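A.B. asks: Input work_35.json, format and content: JSON, C-alpha atoms.
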```json
[["chain", "number", "residue", "atom", "x", "y", "z"],
["D", 255, "MET", "CA", -2.13, -8.26, -29.39],
["D", 256, "SER", "CA", -3.24, -10.31, -26.41],
["D", 257, "GLU", "CA", -6.80, -10.10, -25.22],
["D", 258, "THR", "CA", -7.36, -8.99, -21.66],
["D", 259, "THR", "CA", -10.51, -10.56, -20.32],
["D", 260, "HIS", "CA", -10.30, -8.93, -16.90],
["D", 261, "GLN", "CA", -10.32, -5.36, -15.71],
["D", 262, "GLU", "CA", -6.87, -3.85, -15.14],
["D", 263, "PRO", "CA", -5.99, -4.06, -11.42],
["D", 264, "ASN", "CA", -5.18, -0.94, -9.44],
["D", 265, "TYR", "CA", -1.41, -1.22, -9.91],
["D", 266, "MET", "CA", -0.57, 1.94, -7.99],
["D", 267, "GLY", "CA", -2.68, 0.73, -5.06],
["D", 268, "VAL", "CA", -0.65, -2.51, -4.99],
["D", 269, "PHE", "CA", 2.58, -0.49, -5.20],
["D", 270, "TRP", "CA", 1.66, 1.59, -2.13],
["D", 271, "TRP", "CA", 0.83, -1.56, -0.16],
["D", 272, "LEU", "CA", 4.20, -3.08, -1.13],
["D", 273, "LEU", "CA", 6.00, 0.10, -0.13],
["D", 274, "VAL", "CA", 4.24, 0.38, 3.24],
["D", 275, "LEU", "CA", 4.90, -3.30, 4.02],
["D", 276, "THR", "CA", 8.61, -2.89, 3.12],
["D", 277, "ILE", "CA", 8.92, 0.13, 5.45],
["D", 278, "LEU", "CA", 7.13, -1.79, 8.23],
["D", 279, "GLU", "CA", 9.45, -4.77, 7.70],
["D", 280, "VAL", "CA", 12.56, -2.63, 8.17],
["D", 281, "ALA", "CA", 10.99, -0.86, 11.17],
["D", 282, "VAL", "CA", 9.92, -4.06, 12.94],
["D", 283, "ILE", "CA", 13.49, -5.36, 13.39],
["D", 284, "TYR", "CA", 14.27, -2.33, 15.59],
["D", 285, "VAL", "CA", 11.15, -2.72, 17.77],
["D", 286, "PRO", "CA", 12.04, -4.18, 21.20],
["D", 287, "ILE", "CA", 9.61, -7.13, 21.23],
["D", 288, "VAL", "CA", 10.20, -10.84, 21.67],
["D", 289, "ARG", "CA", 12.10, -12.51, 18.83],
["D", 290, "ILE", "CA", 9.30, -14.94, 17.91],
["D", 291, "ALA", "CA", 6.89, -12.01, 17.39],
["D", 292, "VAL", "CA", 9.41, -10.34, 15.06],
["D", 293, "VAL", "CA", 9.82, -13.60, 13.10],
["D", 294, "ILE", "CA", 6.05, -14.11, 12.76],
["D", 295, "LEU", "CA", 5.48, -10.49, 11.69],
["D", 296, "LEU", "CA", 8.32, -10.53, 9.14],
["D", 297, "VAL", "CA", 7.26, -13.86, 7.60],
["D", 298, "ALA", "CA", 3.61, -12.74, 7.44],
["D", 299, "MET", "CA", 4.57, -9.47, 5.75],
["D", 300, "ALA", "CA", 6.92, -11.21, 3.27],
["D", 301, "ILE", "CA", 4.22, -13.72, 2.30],
["D", 302, "SER", "CA", 1.68, -10.88, 1.93],
["D", 303, "LYS", "CA", 4.05, -8.97, -0.36],
["D", 304, "ALA", "CA", 4.84, -12.06, -2.44],
["D", 305, "ALA", "CA", 1.10, -12.80, -2.72],
["D", 306, "LEU", "CA", 0.38, -9.22, -3.86],
["D", 307, "VAL", "CA", 3.02, -9.48, -6.61],
["D", 308, "ALA", "CA", 1.77, -12.90, -7.76],
["D", 309, "LEU", "CA", -1.94, -12.08, -7.62],
["D", 310, "TYR", "CA", -1.94, -8.62, -9.17],
["D", 311, "PHE", "CA", 1.32, -8.03, -11.07],
["D", 312, "MET", "CA", 1.49, -11.61, -12.41],
["D", 313, "HIS", "CA", -2.32, -11.62, -12.80],
["D", 314, "LEU", "CA", -2.65, -14.98, -11.00],
["D", 315, "LYS", "CA", -5.92, -13.75, -9.46],
["D", 316, "PHE", "CA", -7.43, -13.64, -12.94],
["D", 317, "GLU", "CA", -6.01, -16.91, -14.27],
["D", 318, "LYS", "CA", -7.51, -20.41, -14.18],
["D", 319, "ARG", "CA", -7.24, -22.24, -10.86],
["D", 320, "THR", "CA", -5.05, -25.00, -12.35],
["D", 321, "LEU", "CA", -2.40, -22.40, -13.18],
["D", 322, "ALA", "CA", -2.45, -21.26, -9.55],
["D", 323, "ILE", "CA", -1.92, -24.87, -8.47],
["D", 324, "ILE", "CA", 1.11, -25.11, -10.80],
["D", 325, "ALA", "CA", 2.43, -21.85, -9.34],
["D", 326, "LEU", "CA", 2.01, -23.09, -5.77],
["D", 327, "SER", "CA", 3.56, -26.53, -6.38],
["D", 328, "PRO", "CA", 7.10, -25.43, -5.32],
["D", 329, "PHE", "CA", 5.77, -24.71, -1.81],
["D", 330, "VAL", "CA", 4.84, -28.40, -1.46],
["D", 331, "LEU", "CA", 8.48, -29.26, -2.20],
["D", 332, "CYS", "CA", 9.66, -26.68, 0.36],
["D", 333, "VAL", "CA", 7.39, -28.08, 3.09],
["D", 334, "PHE", "CA", 8.52, -31.62, 2.24],
["D", 335, "LEU", "CA", 12.16, -30.50, 2.38],
["D", 336, "ILE", "CA", 11.68, -28.81, 5.76],
["D", 337, "LEU", "CA", 9.99, -31.91, 7.18],
["D", 338, "MET", "CA", 12.76, -34.16, 5.85],
["D", 339, "LEU", "CA", 15.58, -31.98, 7.19],
["D", 340, "THR", "CA", 14.08, -31.03, 10.57],
["D", 341, "PRO", "CA", 15.34, -34.22, 12.30],
["D", 342, "ASP", "CA", 18.87, -32.97, 11.54],
["D", 343, "ILE", "CA", 18.25, -29.82, 13.59],
["D", 344, "PHE", "CA", 16.61, -31.55, 16.52],
["D", 345, "PRO", "CA", 18.51, -34.84, 16.89],
["D", 346, "ARG", "CA", 17.01, -37.38, 19.25],
["F", 1224, "MET", "CA", 12.46, -13.68, -39.98],
["F", 1225, "SER", "CA", 10.38, -11.79, -42.55],
["F", 1226, "GLU", "CA", 6.90, -10.59, -41.62],
["F", 1227, "ALA", "CA", 5.28, -13.16, -43.93],
["F", 1228, "ALA", "CA", 7.39, -15.93, -42.41],
["F", 1229, "ALA", "CA", 6.49, -14.69, -38.92],
["F", 1230, "VAL", "CA", 2.77, -14.82, -39.76],
["F", 1231, "MET", "CA", 3.18, -18.33, -41.19],
["F", 1232, "HIS", "CA", 5.09, -19.36, -38.09],
["F", 1233, "MET", "CA", 2.33, -18.02, -35.84],
["F", 1234, "GLY", "CA", -0.27, -19.75, -38.00],
["F", 1235, "ALA", "CA", 1.56, -23.05, -37.64],
["F", 1236, "GLU", "CA", 1.52, -22.83, -33.85],
["F", 1237, "PRO", "CA", 0.06, -25.98, -32.31],
["F", 1238, "GLN", "CA", -3.33, -25.95, -30.65],
["F", 1239, "GLU", "CA", -3.28, -23.33, -27.90],
["F", 1240, "SER", "CA", -3.24, -24.29, -24.28],
["F", 1241, "PRO", "CA", -6.66, -24.15, -22.62],
["F", 1242, "LEU", "CA", -4.94, -23.08, -19.39],
["F", 1243, "THR", "CA", -3.65, -19.87, -20.96],
["F", 1244, "PRO", "CA", -5.77, -19.51, -24.12],
["F", 1245, "GLU", "CA", -4.17, -16.21, -25.08],
["F", 1246, "SER", "CA", -0.67, -17.69, -25.40],
["F", 1247, "SER", "CA", 0.94, -21.10, -24.98],
["F", 1248, "GLY", "CA", 4.23, -19.32, -24.27],
["F", 1249, "LYS", "CA", 2.69, -17.98, -21.09],
["F", 1250, "LEU", "CA", 2.04, -21.52, -19.83],
["F", 1251, "GLY", "CA", 5.64, -22.36, -20.75],
["F", 1252, "MET", "CA", 6.90, -19.44, -18.68],
["F", 1253, "TRP", "CA", 4.73, -20.44, -15.70],
["F", 1254, "LEU", "CA", 6.11, -23.98, -15.84],
["F", 1255, "PHE", "CA", 9.67, -22.65, -16.04],
["F", 1256, "LEU", "CA", 9.01, -20.32, -13.10],
["F", 1257, "ALA", "CA", 7.57, -23.18, -11.04],
["F", 1258, "GLY", "CA", 10.80, -25.12, -11.66],
["F", 1259, "ASP", "CA", 12.91, -22.07, -10.89],
["F", 1260, "ALA", "CA", 10.93, -21.48, -7.69],
["F", 1261, "MET", "CA", 11.88, -25.01, -6.63],
["F", 1262, "SER", "CA", 15.57, -24.10, -7.03],
["F", 1263, "PHE", "CA", 15.14, -20.93, -4.97],
["F", 1264, "GLY", "CA", 12.94, -22.81, -2.48],
["F", 1265, "CYS", "CA", 15.65, -25.43, -1.93],
["F", 1266, "LEU", "CA", 18.30, -22.74, -1.46],
["F", 1267, "ILE", "CA", 16.18, -20.76, 1.03],
["F", 1268, "VAL", "CA", 15.14, -23.88, 2.98],
["F", 1269, "GLY", "CA", 18.78, -25.05, 2.98],
["F", 1270, "TYR", "CA", 19.81, -21.63, 4.29],
["F", 1271, "GLY", "CA", 17.21, -21.81, 7.05],
["F", 1272, "ILE", "CA", 18.18, -25.33, 8.11],
["F", 1273, "LEU", "CA", 21.91, -24.54, 8.19],
["F", 1274, "ARG", "CA", 21.30, -21.34, 10.11],
["F", 1275, "HIS", "CA", 19.04, -23.03, 12.64],
["F", 1276, "ALA", "CA", 21.52, -25.85, 13.17],
["F", 1277, "SER", "CA", 24.45, -23.46, 13.62],
["F", 1278, "LYS", "CA", 25.38, -22.27, 17.09],
["F", 1279, "ASP", "CA", 27.30, -19.11, 16.17],
["F", 1280, "TRP", "CA", 25.35, -17.63, 13.25],
["F", 1281, "PRO", "CA", 25.89, -13.85, 13.18],
["F", 1282, "VAL", "CA", 22.90, -11.48, 13.30],
["F", 1283, "PRO", "CA", 22.56, -10.55, 9.60],
["F", 1284, "SER", "CA", 21.43, -6.97, 10.24],
["F", 1285, "HIS", "CA", 24.66, -6.36, 12.21],
["F", 1286, "ILE", "CA", 26.78, -7.27, 9.18],
["F", 1287, "LEU", "CA", 24.67, -6.62, 6.08],
["F", 1288, "GLY", "CA", 23.57, -3.14, 5.05],
["F", 1289, "ILE", "CA", 19.81, -3.07, 5.61],
["F", 1290, "ASN", "CA", 19.30, 0.47, 4.28],
["F", 1291, "LEU", "CA", 20.99, -0.29, 0.96],
["F", 1292, "THR", "CA", 19.06, -3.53, 0.49],
["F", 1293, "ALA", "CA", 15.79, -1.85, 1.48],
["F", 1294, "PHE", "CA", 16.52, 0.59, -1.36],
["F", 1295, "MET", "CA", 17.28, -2.37, -3.68],
["F", 1296, "THR", "CA", 13.91, -3.90, -2.69],
["F", 1297, "PHE", "CA", 12.25, -0.57, -3.45],
["F", 1298, "LEU", "CA", 13.99, -0.51, -6.87],
["F", 1299, "LEU", "CA", 12.66, -3.94, -7.82],
["F", 1300, "ILE", "CA", 9.13, -3.12, -6.60],
["F", 1301, "VAL", "CA", 9.12, 0.12, -8.62],
["F", 1302, "SER", "CA", 10.50, -1.71, -11.67],
["F", 1303, "SER", "CA", 7.67, -4.26, -11.33],
["F", 1304, "VAL", "CA", 5.17, -1.38, -11.42],
["F", 1305, "TRP", "CA", 6.92, 0.02, -14.52],
["F", 1306, "MET", "CA", 6.67, -3.45, -16.07],
["F", 1307, "VAL", "CA", 2.89, -3.64, -15.61],
["F", 1308, "LEU", "CA", 2.56, -0.07, -16.90],
["F", 1309, "SER", "CA", 4.59, -0.97, -20.01],
["F", 1310, "LEU", "CA", 2.33, -4.01, -20.59],
["F", 1311, "SER", "CA", -0.75, -1.84, -20.14],
["F", 1312, "ALA", "CA", 0.68, 0.65, -22.68],
["F", 1313, "ILE", "CA", 1.43, -1.99, -25.35],
["F", 1314, "GLN", "CA", -2.01, -3.55, -24.84],
["F", 1315, "LYS", "CA", -3.48, -0.13, -25.65],
["F", 1316, "GLY", "CA", -1.16, 0.19, -28.67],
["F", 1317, "ASP", "CA", 0.84, 3.07, -27.16],
["F", 1318, "LYS", "CA", 4.38, 2.12, -28.25],
["F", 1319, "ALA", "CA", 6.06, 5.32, -27.07],
["F", 1320, "ARG", "CA", 4.75, 4.88, -23.52],
["F", 1321, "PHE", "CA", 5.65, 1.18, -23.65],
["F", 1322, "LYS", "CA", 9.23, 1.96, -24.65],
["F", 1323, "LYS", "CA", 9.56, 4.55, -21.88],
["F", 1324, "PHE", "CA", 8.40, 2.17, -19.16],
["F", 1325, "LEU", "CA", 10.28, -0.91, -20.37],
["F", 1326, "GLY", "CA", 13.40, 1.29, -20.67],
["F", 1327, "LEU", "CA", 12.87, 2.28, -17.03],
["F", 1328, "VAL", "CA", 12.50, -1.40, -16.05],
["F", 1329, "ILE", "CA", 15.87, -2.14, -17.68],
["F", 1330, "LEU", "CA", 17.42, 0.87, -15.96],
["F", 1331, "GLY", "CA", 15.97, -0.28, -12.61],
["F", 1332, "GLY", "CA", 17.51, -3.74, -13.15],
["F", 1333, "LEU", "CA", 20.90, -2.24, -13.99],
["F", 1334, "MET", "CA", 20.76, 0.00, -10.90],
["F", 1335, "PHE", "CA", 19.93, -3.05, -8.77],
["F", 1336, "LEU", "CA", 22.95, -4.88, -10.18],
["F", 1337, "GLY", "CA", 25.13, -1.82, -9.55],
["F", 1338, "CYS", "CA", 23.98, -1.72, -5.91],
["F", 1339, "GLN", "CA", 24.65, -5.45, -5.56],
["F", 1340, "ALA", "CA", 28.15, -5.09, -7.03],
["F", 1341, "TYR", "CA", 28.84, -2.27, -4.53],
["F", 1342, "GLU", "CA", 27.40, -4.33, -1.65],
["F", 1343, "TRP", "CA", 29.48, -7.41, -2.52],
["F", 1344, "THR", "CA", 32.69, -5.40, -2.94],
["F", 1345, "HIS", "CA", 32.12, -3.62, 0.37],
["F", 1346, "LEU", "CA", 31.38, -6.92, 2.15],
["F", 1347, "ILE", "CA", 34.32, -8.85, 0.68],
["F", 1348, "THR", "CA", 36.95, -6.14, 1.14],
["F", 1349, "GLU", "CA", 35.85, -4.52, 4.41],
["F", 1350, "ILE", "CA", 32.95, -5.91, 6.42],
["F", 1351, "LEU", "CA", 33.59, -9.67, 6.35],
["F", 1352, "PRO", "CA", 37.32, -9.41, 7.26],
["F", 1353, "GLU", "CA", 36.33, -7.11, 10.18],
["F", 1354, "HIS", "CA", 34.11, -9.91, 11.53],
["F", 1355, "ASN", "CA", 36.68, -12.56, 10.72],
["F", 1356, "LEU", "CA", 34.38, -14.16, 8.15],
["F", 1357, "SER", "CA", 35.19, -15.35, 4.64],
["F", 1358, "PHE", "CA", 33.37, -16.79, 1.65],
["F", 1359, "SER", "CA", 35.21, -20.10, 1.63],
["F", 1360, "LYS", "CA", 35.19, -20.82, 5.38],
["F", 1361, "ASP", "CA", 31.90, -19.66, 6.85],
["F", 1362, "LEU", "CA", 28.41, -20.92, 6.12],
["F", 1363, "PHE", "CA", 26.98, -17.46, 6.77],
["F", 1364, "ALA", "CA", 29.06, -15.91, 3.98],
["F", 1365, "THR", "CA", 28.79, -18.92, 1.64],
["F", 1366, "THR", "CA", 25.00, -19.18, 1.83],
["F", 1367, "PHE", "CA", 24.66, -15.40, 1.52],
["F", 1368, "PHE", "CA", 26.74, -15.20, -1.67],
["F", 1369, "VAL", "CA", 25.16, -18.32, -3.22],
["F", 1370, "LEU", "CA", 21.60, -17.06, -2.63],
["F", 1371, "THR", "CA", 22.11, -13.43, -3.60],
["F", 1372, "GLY", "CA", 24.41, -14.44, -6.47],
["F", 1373, "PHE", "CA", 21.84, -16.87, -7.88],
["F", 1374, "HIS", "CA", 19.25, -14.10, -7.68],
["F", 1375, "GLY", "CA", 21.67, -11.57, -9.21],
["F", 1376, "MET", "CA", 22.16, -13.93, -12.18],
["F", 1377, "HIS", "CA", 18.38, -13.92, -12.62],
["F", 1378, "VAL", "CA", 18.31, -10.11, -12.59],
["F", 1379, "THR", "CA", 21.12, -10.10, -15.19],
["F", 1380, "GLY", "CA", 19.10, -12.54, -17.31],
["F", 1381, "GLY", "CA", 16.02, -10.35, -16.86],
["F", 1382, "VAL", "CA", 17.84, -7.22, -18.01],
["F", 1383, "ILE", "CA", 19.07, -9.03, -21.16],
["F", 1384, "TYR", "CA", 15.62, -10.58, -21.76],
["F", 1385, "ASN", "CA", 13.81, -7.23, -21.35],
["F", 1386, "SER", "CA", 16.33, -5.53, -23.66],
["F", 1387, "CYS", "CA", 15.66, -8.18, -26.34],
["F", 1388, "VAL", "CA", 11.89, -7.71, -25.91],
["F", 1389, "LEU", "CA", 12.23, -3.92, -26.18],
["F", 1390, "ASN", "CA", 14.25, -4.35, -29.38],
["F", 1391, "ALA", "CA", 11.83, -6.92, -30.88],
["F", 1392, "VAL", "CA", 8.73, -4.82, -30.09],
["F", 1393, "SER", "CA", 10.42, -1.74, -31.59],
["F", 1394, "ARG", "CA", 10.99, -3.73, -34.79],
["F", 1395, "GLY", "CA", 7.39, -4.93, -34.80],
["F", 1396, "ARG", "CA", 8.28, -8.58, -34.29],
["F", 1397, "TYR", "CA", 6.87, -8.94, -30.77],
["F", 1398, "GLY", "CA", 3.49, -7.92, -29.40],
["F", 1399, "ALA", "CA", 1.72, -7.60, -26.06],
["F", 1400, "LYS", "CA", 1.67, -11.35, -25.35],
["F", 1401, "HIS", "CA", 5.47, -11.48, -25.49],
["F", 1402, "VAL", "CA", 5.70, -8.50, -23.14],
["F", 1403, "GLU", "CA", 3.32, -10.22, -20.73],
["F", 1404, "ILE", "CA", 5.53, -13.34, -20.69],
["F", 1405, "ALA", "CA", 8.67, -11.25, -20.07],
["F", 1406, "GLY", "CA", 6.74, -9.45, -17.33],
["F", 1407, "LEU", "CA", 5.99, -12.75, -15.57],
["F", 1408, "TYR", "CA", 9.73, -13.47, -15.39],
["F", 1409, "TRP", "CA", 10.54, -9.98, -14.09],
["F", 1410, "HIS", "CA", 7.82, -10.08, -11.41],
["F", 1411, "PHE", "CA", 9.10, -13.48, -10.32],
["F", 1412, "VAL", "CA", 12.58, -12.00, -9.84],
["F", 1413, "ASP", "CA", 10.97, -9.26, -7.71],
["F", 1414, "LEU", "CA", 8.94, -11.81, -5.73],
["F", 1415, "VAL", "CA", 12.02, -13.92, -4.94],
["F", 1416, "TRP", "CA", 13.95, -10.84, -3.80],
["F", 1417, "ILE", "CA", 11.10, -9.96, -1.43],
["F", 1418, "LEU", "CA", 11.59, -13.37, 0.22],
["F", 1419, "ILE", "CA", 15.42, -13.15, 0.19],
["F", 1420, "PHE", "CA", 15.27, -9.67, 1.73],
["F", 1421, "THR", "CA", 13.19, -11.01, 4.61],
["F", 1422, "PHE", "CA", 14.85, -14.38, 5.20],
["F", 1423, "VAL", "CA", 18.50, -13.43, 4.58],
["F", 1424, "TYR", "CA", 18.69, -9.77, 5.62],
["F", 1425, "LEU", "CA", 15.97, -9.05, 8.17],
["F", 1426, "LEU", "CA", 15.38, -12.27, 10.12]]
```
Transcribe the structure of this file into structure tokens.
C.D. replies:
Amino acid sequence: MSETTHQEPNYMGVFWWLLVLTILEVAVIYVPIVRIAVVILLVAMAISKAALVALYFMHLKFEKRTLAIIALSPFVLCVFLILMLTPDIFPR
Amino acid sequence: MSEAAAVMHMGAEPQESPLTPESSGKLGMWLFLAGDAMSFGCLIVGYGILRHASKDWPVPSHILGINLTAFMTFLLIVSSVWMVLSLSAIQKGDKARFKKFLGLVILGGLMFLGCQAYEWTHLITEILPEHNLSFSKDLFATTFFVLTGFHGMHVTGGVIYNSCVLNAVSRGRYGAKHVEIAGLYWHFVDLVWILIFTFVYLL
């Protein structure tokens, strides 16, 4: 049996946060505000939800920092990819 | 493998990773997930770039069923909670509770796949033709099916994986560390869907 060296997180608390954020995400697309505000709100909420899952359900909050760096490495690739492809969207 | 052979096998395991001292398999799963996240990352970035560069991209919420997919998101979030509860149960040695929750995780995954099959059928036979869109001709439809299909394959893999873990724990061959590793995969599938739901359906 594996040893748990950290206290068990409040899983139900995380669940309620995820549920509330999902409801807010669906609601925000019907709110008559400028498009950029909707985009920023939706992206912020999606990243918050993903972070909650990674930190608490996947226990990344309680792991060694190097493991977190491994887990975040794909984002570096994504940023690189966006930077490389952006000139295609905005041609000179 | 007999119990004695299993013990010998575990004894012969190479020096454990200092990054995840409790199990080297856990580090293996994290490395796999990092690679898998790169695949999903490329697909999502590619989707975003194509959409941004396209002049006549339809508004996704006008074509795709937001209520159904919000329910599918809810299903995966709940199944993630069941997964952590099943891990908590096996860590406390409560096999009956573990089996109940992992069984629910598998059921949640199957329900998700059922909803996706319904959504795809509805889109292909009714909604896309109404909007004069098709899988082979339009980037909107192509990117949608590639992204959600790639994720659906992961859910299918997760359901099979979790079923194998449930069977192996029931036979006494797997313990809590194996459940934790399977849990990492399942939570990753949930995490990716959270991003797909936002970027493909809501934005």
A.B. asks: Using all atoms listed in the file, which chain D residues lie at most 9 Å away from chain F, written as a PyMOL selection string?
C.D. replies: chain D and resi 255-258+262+265-266+268-269+272-273+276-277+279-280+283+292-293+296-297+299-301+303-305+307-308+311-313+317-321+324-329+331-333+335-336+339-340+342-344
A.B. asks: For segment 1340-1349 of chain F, please output as an MDAnalysis selection string all residues within 9 Å (counting only C-alpha atoms; exclusion window: fewer than 3 positions along the same chain).
C.D. replies: chainID F and resid 1286:1288 1291:1292 1335:1337 1352:1353 1357:1358 1368
A.B. asks: So how far away is atom CA of Leu1298 of chain F from atom CA of Met1334 of chain F, in Å?
C.D. replies: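 So the answer is 7.9 Å.
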A.B. asks: Rounded to one decimal place, report the atom CA of Asn1385 of chain F-atom CA of Leu1325 of chain F distance in Å.
C.D. replies: 7.3 Å
A.B. asks: Quick one: 5 Å padding each side, axis-aligned, all listed atoms of segment 1303-1306 of chain F - centre and edge lengths in Å to one decimal, as lines of an AutoDock Vina configuration file?
C.D. replies:
```
center_x = 6.4
center_y = -2.1
center_z = -13.7
size_x = 12.5
size_y = 14.3
size_z = 14.7
```
A.B. asks: Expressed in Å to a single decimal, how great is the separation between atom CA of Val1388 of chain F and atom CA of Val1412 of chain F?
C.D. replies: 16.6 Å
A.B. asks: Could I get segment 257-333 of chain D from the block written as a compact mmCIF listing (two decimals), in the first residue's frame, with C-alpha atoms?
C.D. replies:
```
# COMPACT_ATOMS: atom_id res chain seq x y z
CA GLU D 257 2.31 5.80 1.89
CA THR D 258 0.54 9.14 1.96
CA THR D 259 2.81 11.74 3.45
CA HIS D 260 0.31 14.59 3.18
CA GLN D 261 -3.09 15.22 4.62
CA GLU D 262 -5.99 14.27 2.34
CA PRO D 263 -7.26 17.39 0.53
CA ASN D 264 -10.87 18.49 0.86
CA TYR D 265 -12.04 16.70 -2.29
CA MET D 266 -15.68 17.74 -1.96
CA GLY D 267 -14.62 21.38 -1.56
CA VAL D 268 -12.68 21.13 -4.85
CA PHE D 269 -15.70 19.47 -6.50
CA TRP D 270 -18.01 22.36 -5.53
CA TRP D 271 -15.52 24.89 -6.90
CA LEU D 272 -15.32 22.96 -10.18
CA LEU D 273 -19.10 22.79 -10.38
CA VAL D 274 -19.60 26.51 -9.67
CA LEU D 275 -16.92 27.46 -12.23
CA THR D 276 -18.55 25.21 -14.87
CA ILE D 277 -21.96 26.84 -14.28
CA LEU D 278 -20.38 30.31 -14.45
CA GLU D 279 -18.61 29.37 -17.71
CA VAL D 280 -21.88 28.36 -19.37
CA ALA D 281 -23.63 31.47 -17.99
CA VAL D 282 -20.95 33.91 -19.13
CA ILE D 283 -21.43 33.18 -22.85
CA TYR D 284 -25.01 34.52 -22.60
CA VAL D 285 -24.01 37.72 -20.77
CA PRO D 286 -24.13 40.74 -23.12
CA ILE D 287 -20.59 42.06 -22.55
CA VAL D 288 -17.75 42.74 -24.97
CA ARG D 289 -16.28 39.65 -26.62
CA ILE D 290 -12.76 40.16 -25.23
CA ALA D 291 -14.13 40.19 -21.66
CA VAL D 292 -15.93 36.89 -22.33
CA VAL D 293 -12.72 35.37 -23.75
CA ILE D 294 -10.62 36.51 -20.77
CA LEU D 295 -13.20 35.26 -18.25
CA LEU D 296 -13.59 31.87 -19.96
CA VAL D 297 -9.84 31.29 -20.30
CA ALA D 298 -9.24 32.34 -16.67
CA MET D 299 -11.97 30.00 -15.42
CA ALA D 300 -10.72 27.08 -17.58
CA ILE D 301 -7.16 27.52 -16.30
CA SER D 302 -8.44 27.74 -12.70
CA LYS D 303 -10.40 24.51 -13.13
CA ALA D 304 -7.46 22.71 -14.76
CA ALA D 305 -5.20 23.93 -11.93
CA LEU D 306 -7.65 22.68 -9.28
CA VAL D 307 -7.72 19.21 -10.88
CA ALA D 308 -3.91 19.06 -11.21
CA LEU D 309 -3.12 20.46 -7.76
CA TYR D 310 -5.66 18.57 -5.66
CA PHE D 311 -6.97 15.54 -7.59
CA MET D 312 -3.56 14.73 -9.12
CA HIS D 313 -1.85 15.77 -5.86
CA LEU D 314 0.65 18.00 -7.69
CA LYS D 315 0.49 20.46 -4.78
CA PHE D 316 2.04 17.80 -2.55
CA GLU D 317 4.66 16.49 -4.98
CA LYS D 318 8.27 17.59 -5.47
CA ARG D 319 8.77 20.79 -7.46
CA THR D 320 10.68 18.98 -10.24
CA LEU D 321 7.58 16.89 -10.96
CA ALA D 322 5.56 20.09 -11.31
CA ILE D 323 8.14 21.38 -13.80
CA ILE D 324 7.78 18.14 -15.82
CA ALA D 325 3.99 18.56 -15.71
CA LEU D 326 4.19 22.17 -16.91
CA SER D 327 6.70 21.50 -19.72
CA PRO D 328 3.97 21.01 -22.40
CA PHE D 329 2.88 24.63 -21.87
CA VAL D 330 6.34 25.79 -22.99
CA LEU D 331 5.79 23.88 -26.25
CA CYS D 332 2.33 25.46 -26.64
CA VAL D 333 3.69 29.00 -26.15
```
